[in-house]
Amino acid sequence: MEQYAIKGGSPLVGEVEIGGAKNAALPILAAALMSDETVYIDNVPEVSDIEILLDGMKNIGVSVKKKGRHFVTINGGNVTSIEAIDDNLKKIRGSYYLVGALLGKYKEAVVTLPGGCDIGFRAIDQHIKGFKALGADIRIESGVIKAYAKKLVGSHIYMDVVSVGATINVMMASVLAEGTTIIDNAAKEPHVVDLANFLNSMGANIKGAGTDVIRIKGVERLHGTEYTIIPDQIEAGTFMFAAAITKGDVMVKNVIPKHLESISAKLLEIGCEVEEADDCVRVVASKPLKPTHVKTLPYPGFPTDMQPQITVALALSQGISIVTETLFENRFKYVDELTRMGGNIKVEGNTAIIEGVEKFSGAGITAPDLRAGAALVMAALAADGFSTVDDIKYIRRGYEDFHIKLQGLGAQIALVDSERELRKFKMKIG
Ligand code: EPU
């Protein structure tokens, strides 16, 4: 079974190029089927969640062509079925964007209920509330969500919780509806804005994305477009924290620094230097890390998808820190693994109390989910000695070439697939 083999203890130094945002690409690719004309999308990350969504789209007759690693053309002119049901789609969260896209275009959708990382209970009541407000009938049967409407009519929808997925899904379902839809208490994440920009480039009429209130005036049809997906905020943040965790000096390139403000602010607070330029951010960790308190919040707050990475950094700081997770109740599963590496962390409910230690020690660890997996790799890179990280399939869901990018920063990390390869790696690094 594939795993990462890691020899820790050296700082990461150098430059790393950030790819397109997975969580923007998922809804944008799904929304592309809403036009009968060809849509050209660039900066699509090559990660497994995206591959699964694209395969699911092909299975319902969407023409999907990859040209190069990051350029995809989509044509939804010959969709043969509104039923997107397969075992793979079940594994990813983004599959539910097919409900918004198909319902919006064909007024009907039958889609496997989404899975995604096991980070806690992940309700979809706000998606359903939004679809119903637009006039759809929604049923959930045998793990499948069925949506049907004679016609969709704009409505005023107040979201009871700020939800990225529900905001995006309702936006997609309403772009071709009759009249105006208002989404109140909308999510403001950069990927919500990116989807709105993409849909507007296809002829939609969406205003206010990035604020609490999004207004969508229904249009008759969507046309083809060319679009480039924004850089991945969380991939960028992960490498920024990799600099802090390994006491390194990393230039993170091809980013939108505005999207990284909450991450940069915490890095400054814990004693790193952060230099911003137009499209890159440099993080230098030359002093011992200081403790801090952090609470995950919807954008522009500190992202839940960066919670494991900051926890790993704080576990190596000089003092006591508190991390509160307010979005997902099961997002501290990796703490057991960190404890096995020498971390001193106590989890009480949705709070981790962290007493910083001087060093981690290498161990055989397992990635419990995507972001925690990446954070544990970084812990191993900072640890004394040798580690292996299992279940790297989770990391592949959202990080393209993770170990190769880390190697580019001087990390001693290899992807190994057998005992023999593992021995070879150990011999090589000594
Ligand atoms: N919620 C509800 N009802 C709903 C929808 C959400 O109560 O109908 C709650 C959730 O239980 C959670 C909170 O609202 O407590 C936020 O959930 P949200 O809907 O915003 O999350 P999501 O759409 O399921 C996306 C990302 C996650 C990221 C969250 C928060 C995708 C495919 N997934 O999930 O990304 O953590 O937003 O920013 O975009 C990841 O990339 O590792 C990842 C888990």
# chains A, B, ... in the order shown; residues from 1 in each chain; ligands from 1

call {"tool": "select_by_dssp", "arguments": {"residues": "stretch 61-189 of chain A", "states": "helix (DSSP H, G or I)", "output": "ChimeraX atom specification"}}
result
/A:89-91,93-106,125-133,164-174

call {"tool": "residues_near_ligand", "arguments": {"ligand": "ligand 1", "cutoff": "7 Å", "atoms": "only C-alpha atoms and all ligand atoms", "output": "PyMOL selection string"}}
result
chain A and resi 23+26+93-94+117+121-127+161-166+298+303-305+327-328+370-371+398

call {"tool": "select_by_dssp", "arguments": {"residues": "stretch 22-165 of chain A", "states": "strand (DSSP E or B)", "output": "mmCIF file with N, CA and C atoms, in the first residue's frame"}}
result
data_model
loop_
_atom_site.group_PDB
_atom_site.id
_atom_site.type_symbol
_atom_site.label_atom_id
_atom_site.label_comp_id
_atom_site.auth_asym_id
_atom_site.auth_seq_id
_atom_site.Cartn_x
_atom_site.Cartn_y
_atom_site.Cartn_z
ATOM 1 N N THR A 38 -19.762 25.005 -25.340
ATOM 2 C CA THR A 38 -18.525 24.518 -24.714
ATOM 3 C C THR A 38 -17.962 25.549 -23.737
ATOM 4 N N VAL A 39 -17.492 25.039 -22.605
ATOM 5 C CA VAL A 39 -16.905 25.868 -21.554
ATOM 6 C C VAL A 39 -15.452 25.423 -21.385
ATOM 7 N N TYR A 40 -14.552 26.403 -21.365
ATOM 8 C CA TYR A 40 -13.111 26.100 -21.250
ATOM 9 C C TYR A 40 -12.650 26.532 -19.867
ATOM 10 N N ILE A 41 -12.122 25.610 -19.094
ATOM 11 C CA ILE A 41 -11.740 25.942 -17.711
ATOM 12 C C ILE A 41 -10.267 25.619 -17.482
ATOM 13 N N ASP A 42 -9.550 26.623 -17.023
ATOM 14 C CA ASP A 42 -8.119 26.452 -16.780
ATOM 15 C C ASP A 42 -7.839 26.468 -15.267
ATOM 16 N N SER A 63 -19.827 15.966 -22.057
ATOM 17 C CA SER A 63 -18.538 15.775 -22.736
ATOM 18 C C SER A 63 -17.466 16.471 -21.898
ATOM 19 N N VAL A 64 -16.500 15.687 -21.441
ATOM 20 C CA VAL A 64 -15.417 16.213 -20.611
ATOM 21 C C VAL A 64 -14.108 15.871 -21.294
ATOM 22 N N LYS A 65 -13.337 16.895 -21.661
ATOM 23 C CA LYS A 65 -12.046 16.610 -22.301
ATOM 24 C C LYS A 65 -10.960 17.316 -21.547
ATOM 25 N N LYS A 66 -9.910 16.551 -21.224
ATOM 26 C CA LYS A 66 -8.771 17.160 -20.536
ATOM 27 C C LYS A 66 -7.707 17.467 -21.565
ATOM 28 N N VAL A 72 -9.530 21.908 -18.821
ATOM 29 C CA VAL A 72 -10.638 20.987 -19.076
ATOM 30 C C VAL A 72 -11.685 21.694 -19.934
ATOM 31 N N THR A 73 -12.194 21.001 -20.964
ATOM 32 C CA THR A 73 -13.346 21.555 -21.685
ATOM 33 C C THR A 73 -14.564 20.695 -21.348
ATOM 34 N N ILE A 74 -15.673 21.405 -21.156
ATOM 35 C CA ILE A 74 -16.918 20.729 -20.771
ATOM 36 C C ILE A 74 -17.990 21.152 -21.762
ATOM 37 N N ASN A 75 -18.784 20.172 -22.204
ATOM 38 C CA ASN A 75 -19.950 20.535 -23.001
ATOM 39 C C ASN A 75 -21.151 19.745 -22.482
ATOM 40 N N GLU A 83 -29.688 11.421 -13.779
ATOM 41 C CA GLU A 83 -29.396 10.539 -12.634
ATOM 42 C C GLU A 83 -27.900 10.326 -12.505
ATOM 43 N N ALA A 84 -27.289 10.991 -11.535
ATOM 44 C CA ALA A 84 -25.851 10.825 -11.300
ATOM 45 C C ALA A 84 -25.690 9.948 -10.063
ATOM 46 N N GLU A 108 -34.740 18.857 -12.712
ATOM 47 C CA GLU A 108 -34.814 17.505 -12.159
ATOM 48 C C GLU A 108 -33.399 16.987 -11.902
ATOM 49 N N ALA A 109 -33.216 16.326 -10.776
ATOM 50 C CA ALA A 109 -31.896 15.758 -10.482
ATOM 51 C C ALA A 109 -32.061 14.571 -9.548
ATOM 52 N N VAL A 110 -31.300 13.533 -9.820
ATOM 53 C CA VAL A 110 -31.273 12.372 -8.924
ATOM 54 C C VAL A 110 -29.789 12.076 -8.701
ATOM 55 N N VAL A 111 -29.310 12.300 -7.491
ATOM 56 C CA VAL A 111 -27.860 12.254 -7.256
ATOM 57 C C VAL A 111 -27.563 11.482 -5.969
ATOM 58 N N THR A 112 -26.513 10.667 -6.023
ATOM 59 C CA THR A 112 -26.054 9.938 -4.844
ATOM 60 C C THR A 112 -25.761 10.942 -3.732
ATOM 61 N N ASP A 137 -39.546 19.898 -5.314
ATOM 62 C CA ASP A 137 -39.960 18.851 -4.385
ATOM 63 C C ASP A 137 -38.707 18.004 -4.137
ATOM 64 N N ILE A 138 -38.353 17.769 -2.873
ATOM 65 C CA ILE A 138 -37.115 17.042 -2.576
ATOM 66 C C ILE A 138 -37.450 15.790 -1.778
ATOM 67 N N ARG A 139 -36.909 14.682 -2.232
ATOM 68 C CA ARG A 139 -37.056 13.444 -1.458
ATOM 69 C C ARG A 139 -35.701 12.778 -1.309
ATOM 70 N N ILE A 140 -35.497 12.159 -0.151
ATOM 71 C CA ILE A 140 -34.257 11.391 0.024
ATOM 72 C C ILE A 140 -34.646 9.935 0.213
ATOM 73 N N GLU A 141 -34.170 9.088 -0.684
ATOM 74 C CA GLU A 141 -34.539 7.672 -0.648
ATOM 75 C C GLU A 141 -33.321 6.821 -0.925
ATOM 76 N N VAL A 144 -30.079 8.413 -1.888
ATOM 77 C CA VAL A 144 -30.103 9.216 -3.114
ATOM 78 C C VAL A 144 -30.995 10.432 -2.872
ATOM 79 N N ILE A 145 -30.586 11.604 -3.384
ATOM 80 C CA ILE A 145 -31.436 12.789 -3.255
ATOM 81 C C ILE A 145 -32.139 13.008 -4.595
ATOM 82 N N LYS A 146 -33.470 13.159 -4.517
ATOM 83 C CA LYS A 146 -34.266 13.328 -5.740
ATOM 84 C C LYS A 146 -34.922 14.699 -5.697
ATOM 85 N N ALA A 147 -34.659 15.486 -6.713
ATOM 86 C CA ALA A 147 -35.206 16.844 -6.760
ATOM 87 C C ALA A 147 -35.996 17.001 -8.041
ATOM 88 N N TYR A 148 -37.186 17.605 -7.918
ATOM 89 C CA TYR A 148 -38.004 17.791 -9.118
ATOM 90 C C TYR A 148 -38.797 19.086 -8.986
ATOM 91 N N VAL A 153 -38.899 29.159 -9.238
ATOM 92 C CA VAL A 153 -39.231 30.585 -9.152
ATOM 93 C C VAL A 153 -38.414 31.203 -8.022
ATOM 94 N N HIS A 156 -36.848 34.489 -1.504
ATOM 95 C CA HIS A 156 -35.938 35.064 -0.505
ATOM 96 C C HIS A 156 -35.601 33.949 0.495
ATOM 97 N N ILE A 157 -34.349 33.580 0.545
ATOM 98 C CA ILE A 157 -33.960 32.440 1.392
ATOM 99 C C ILE A 157 -33.001 32.918 2.468
ATOM 100 N N TYR A 158 -33.355 32.689 3.714
ATOM 101 C CA TYR A 158 -32.450 33.015 4.821
ATOM 102 C C TYR A 158 -31.782 31.724 5.272
#

call {"tool": "atom_distance", "arguments": {"atom1": "atom CA of A:Ala383", "atom2": "atom CA of A:Met341"}}
result
7.7 Å

call {"tool": "atom_distance", "arguments": {"atom1": "atom CA of A:Pro45", "atom2": "atom CA of A:Tyr4"}}
result
20.7 Å

call {"tool": "atom_distance", "arguments": {"atom1": "atom CA of A:Lys424", "atom2": "atom CA of A:Thr366"}}
result
21.1 Å

call {"tool": "decode", "arguments": {"residues": "stretch 265-279 of chain A", "atoms": "all heavy atoms", "output": "mmCIF file, in the first residue's frame"}}
result
data_model
loop_
_atom_site.group_PDB
_atom_site.id
_atom_site.type_symbol
_atom_site.label_atom_id
_atom_site.label_comp_id
_atom_site.auth_asym_id
_atom_site.auth_seq_id
_atom_site.Cartn_x
_atom_site.Cartn_y
_atom_site.Cartn_z
ATOM 1 N N ALA A 265 -2.262 36.509 9.529
ATOM 2 C CA ALA A 265 -2.385 37.173 10.841
ATOM 3 C C ALA A 265 -1.960 36.221 11.964
ATOM 4 O O ALA A 265 -1.250 36.613 12.895
ATOM 5 C CB ALA A 265 -3.821 37.638 11.049
ATOM 6 N N LYS A 266 -2.372 34.963 11.861
ATOM 7 C CA LYS A 266 -2.008 33.996 12.922
ATOM 8 C C LYS A 266 -0.517 33.674 12.874
ATOM 9 O O LYS A 266 0.121 33.495 13.918
ATOM 10 C CB LYS A 266 -2.844 32.712 12.773
ATOM 11 C CG LYS A 266 -4.247 32.848 13.310
ATOM 12 C CD LYS A 266 -4.266 33.068 14.828
ATOM 13 C CE LYS A 266 -5.579 33.668 15.275
ATOM 14 N NZ LYS A 266 -5.584 34.193 16.657
ATOM 15 N N LEU A 267 0.040 33.620 11.657
ATOM 16 C CA LEU A 267 1.484 33.344 11.554
ATOM 17 C C LEU A 267 2.288 34.482 12.186
ATOM 18 O O LEU A 267 3.276 34.252 12.895
ATOM 19 C CB LEU A 267 1.880 33.149 10.084
ATOM 20 C CG LEU A 267 1.481 31.791 9.496
ATOM 21 C CD1 LEU A 267 1.547 31.807 7.979
ATOM 22 C CD2 LEU A 267 2.360 30.666 10.056
ATOM 23 N N LEU A 268 1.837 35.725 11.966
ATOM 24 C CA LEU A 268 2.526 36.868 12.585
ATOM 25 C C LEU A 268 2.410 36.776 14.108
ATOM 26 O O LEU A 268 3.388 36.975 14.824
ATOM 27 C CB LEU A 268 1.909 38.190 12.096
ATOM 28 C CG LEU A 268 2.245 38.577 10.647
ATOM 29 C CD1 LEU A 268 1.344 39.718 10.169
ATOM 30 C CD2 LEU A 268 3.720 38.987 10.528
ATOM 31 N N GLU A 269 1.208 36.425 14.566
ATOM 32 C CA GLU A 269 0.957 36.333 16.010
ATOM 33 C C GLU A 269 1.866 35.305 16.687
ATOM 34 O O GLU A 269 2.260 35.483 17.826
ATOM 35 C CB GLU A 269 -0.492 35.875 16.193
ATOM 36 C CG GLU A 269 -1.319 36.753 17.085
ATOM 37 C CD GLU A 269 -2.764 36.281 17.037
ATOM 38 O OE1 GLU A 269 -3.130 35.374 17.816
ATOM 39 O OE2 GLU A 269 -3.513 36.793 16.198
ATOM 40 N N ILE A 270 2.184 34.224 15.967
ATOM 41 C CA ILE A 270 3.016 33.190 16.606
ATOM 42 C C ILE A 270 4.509 33.411 16.333
ATOM 43 O O ILE A 270 5.336 32.555 16.622
ATOM 44 C CB ILE A 270 2.561 31.749 16.226
ATOM 45 C CG1 ILE A 270 2.752 31.457 14.737
ATOM 46 C CG2 ILE A 270 1.127 31.506 16.656
ATOM 47 C CD1 ILE A 270 2.473 30.002 14.357
ATOM 48 N N GLY A 271 4.827 34.567 15.772
ATOM 49 C CA GLY A 271 6.243 34.955 15.706
ATOM 50 C C GLY A 271 6.934 34.725 14.378
ATOM 51 O O GLY A 271 8.159 34.824 14.295
ATOM 52 N N CYS A 272 6.165 34.442 13.317
ATOM 53 C CA CYS A 272 6.792 34.296 11.988
ATOM 54 C C CYS A 272 6.849 35.659 11.303
ATOM 55 O O CYS A 272 6.095 36.573 11.640
ATOM 56 C CB CYS A 272 5.978 33.351 11.110
ATOM 57 S SG CYS A 272 5.910 31.682 11.754
ATOM 58 N N GLU A 273 7.724 35.763 10.319
ATOM 59 C CA GLU A 273 7.692 36.941 9.453
ATOM 60 C C GLU A 273 6.872 36.569 8.229
ATOM 61 O O GLU A 273 7.056 35.486 7.675
ATOM 62 C CB GLU A 273 9.094 37.313 8.993
ATOM 63 C CG GLU A 273 9.991 37.837 10.098
ATOM 64 C CD GLU A 273 11.444 37.630 9.731
ATOM 65 O OE1 GLU A 273 11.857 38.083 8.643
ATOM 66 O OE2 GLU A 273 12.142 36.975 10.527
ATOM 67 N N VAL A 274 5.994 37.487 7.813
ATOM 68 C CA VAL A 274 5.187 37.245 6.613
ATOM 69 C C VAL A 274 5.337 38.462 5.697
ATOM 70 O O VAL A 274 5.047 39.577 6.096
ATOM 71 C CB VAL A 274 3.693 37.054 6.967
ATOM 72 C CG1 VAL A 274 2.879 36.777 5.707
ATOM 73 C CG2 VAL A 274 3.508 35.924 7.980
ATOM 74 N N GLU A 275 5.849 38.206 4.507
ATOM 75 C CA GLU A 275 5.996 39.302 3.523
ATOM 76 C C GLU A 275 5.065 39.022 2.363
ATOM 77 O O GLU A 275 5.100 37.941 1.788
ATOM 78 C CB GLU A 275 7.415 39.320 2.942
ATOM 79 C CG GLU A 275 8.473 39.834 3.863
ATOM 80 C CD GLU A 275 9.859 39.556 3.263
ATOM 81 O OE1 GLU A 275 10.003 39.499 2.024
ATOM 82 O OE2 GLU A 275 10.770 39.341 4.068
ATOM 83 N N GLU A 276 4.256 40.021 2.029
ATOM 84 C CA GLU A 276 3.306 39.841 0.924
ATOM 85 C C GLU A 276 3.725 40.646 -0.286
ATOM 86 O O GLU A 276 4.154 41.787 -0.152
ATOM 87 C CB GLU A 276 1.924 40.353 1.341
ATOM 88 C CG GLU A 276 1.193 39.424 2.266
ATOM 89 C CD GLU A 276 -0.155 40.003 2.688
ATOM 90 O OE1 GLU A 276 -0.592 41.016 2.115
ATOM 91 O OE2 GLU A 276 -0.742 39.423 3.608
ATOM 92 N N ALA A 277 3.581 40.090 -1.461
ATOM 93 C CA ALA A 277 3.724 40.860 -2.697
ATOM 94 C C ALA A 277 2.432 40.653 -3.492
ATOM 95 O O ALA A 277 1.465 40.116 -2.955
ATOM 96 C CB ALA A 277 4.947 40.400 -3.459
ATOM 97 N N ASP A 278 2.431 41.052 -4.768
ATOM 98 C CA ASP A 278 1.192 40.983 -5.556
ATOM 99 C C ASP A 278 0.553 39.601 -5.563
ATOM 100 O O ASP A 278 -0.626 39.449 -5.296
ATOM 101 C CB ASP A 278 1.497 41.339 -7.022
ATOM 102 C CG ASP A 278 1.460 42.836 -7.209
ATOM 103 O OD1 ASP A 278 1.147 43.525 -6.211
ATOM 104 O OD2 ASP A 278 1.757 43.288 -8.322
ATOM 105 N N ASP A 279 1.352 38.594 -5.901
ATOM 106 C CA ASP A 279 0.775 37.256 -6.036
ATOM 107 C C ASP A 279 1.618 36.204 -5.324
ATOM 108 O O ASP A 279 1.643 35.042 -5.723
ATOM 109 C CB ASP A 279 0.588 36.882 -7.518
ATOM 110 C CG ASP A 279 1.918 36.779 -8.232
ATOM 111 O OD1 ASP A 279 2.938 37.164 -7.632
ATOM 112 O OD2 ASP A 279 1.931 36.299 -9.379
#
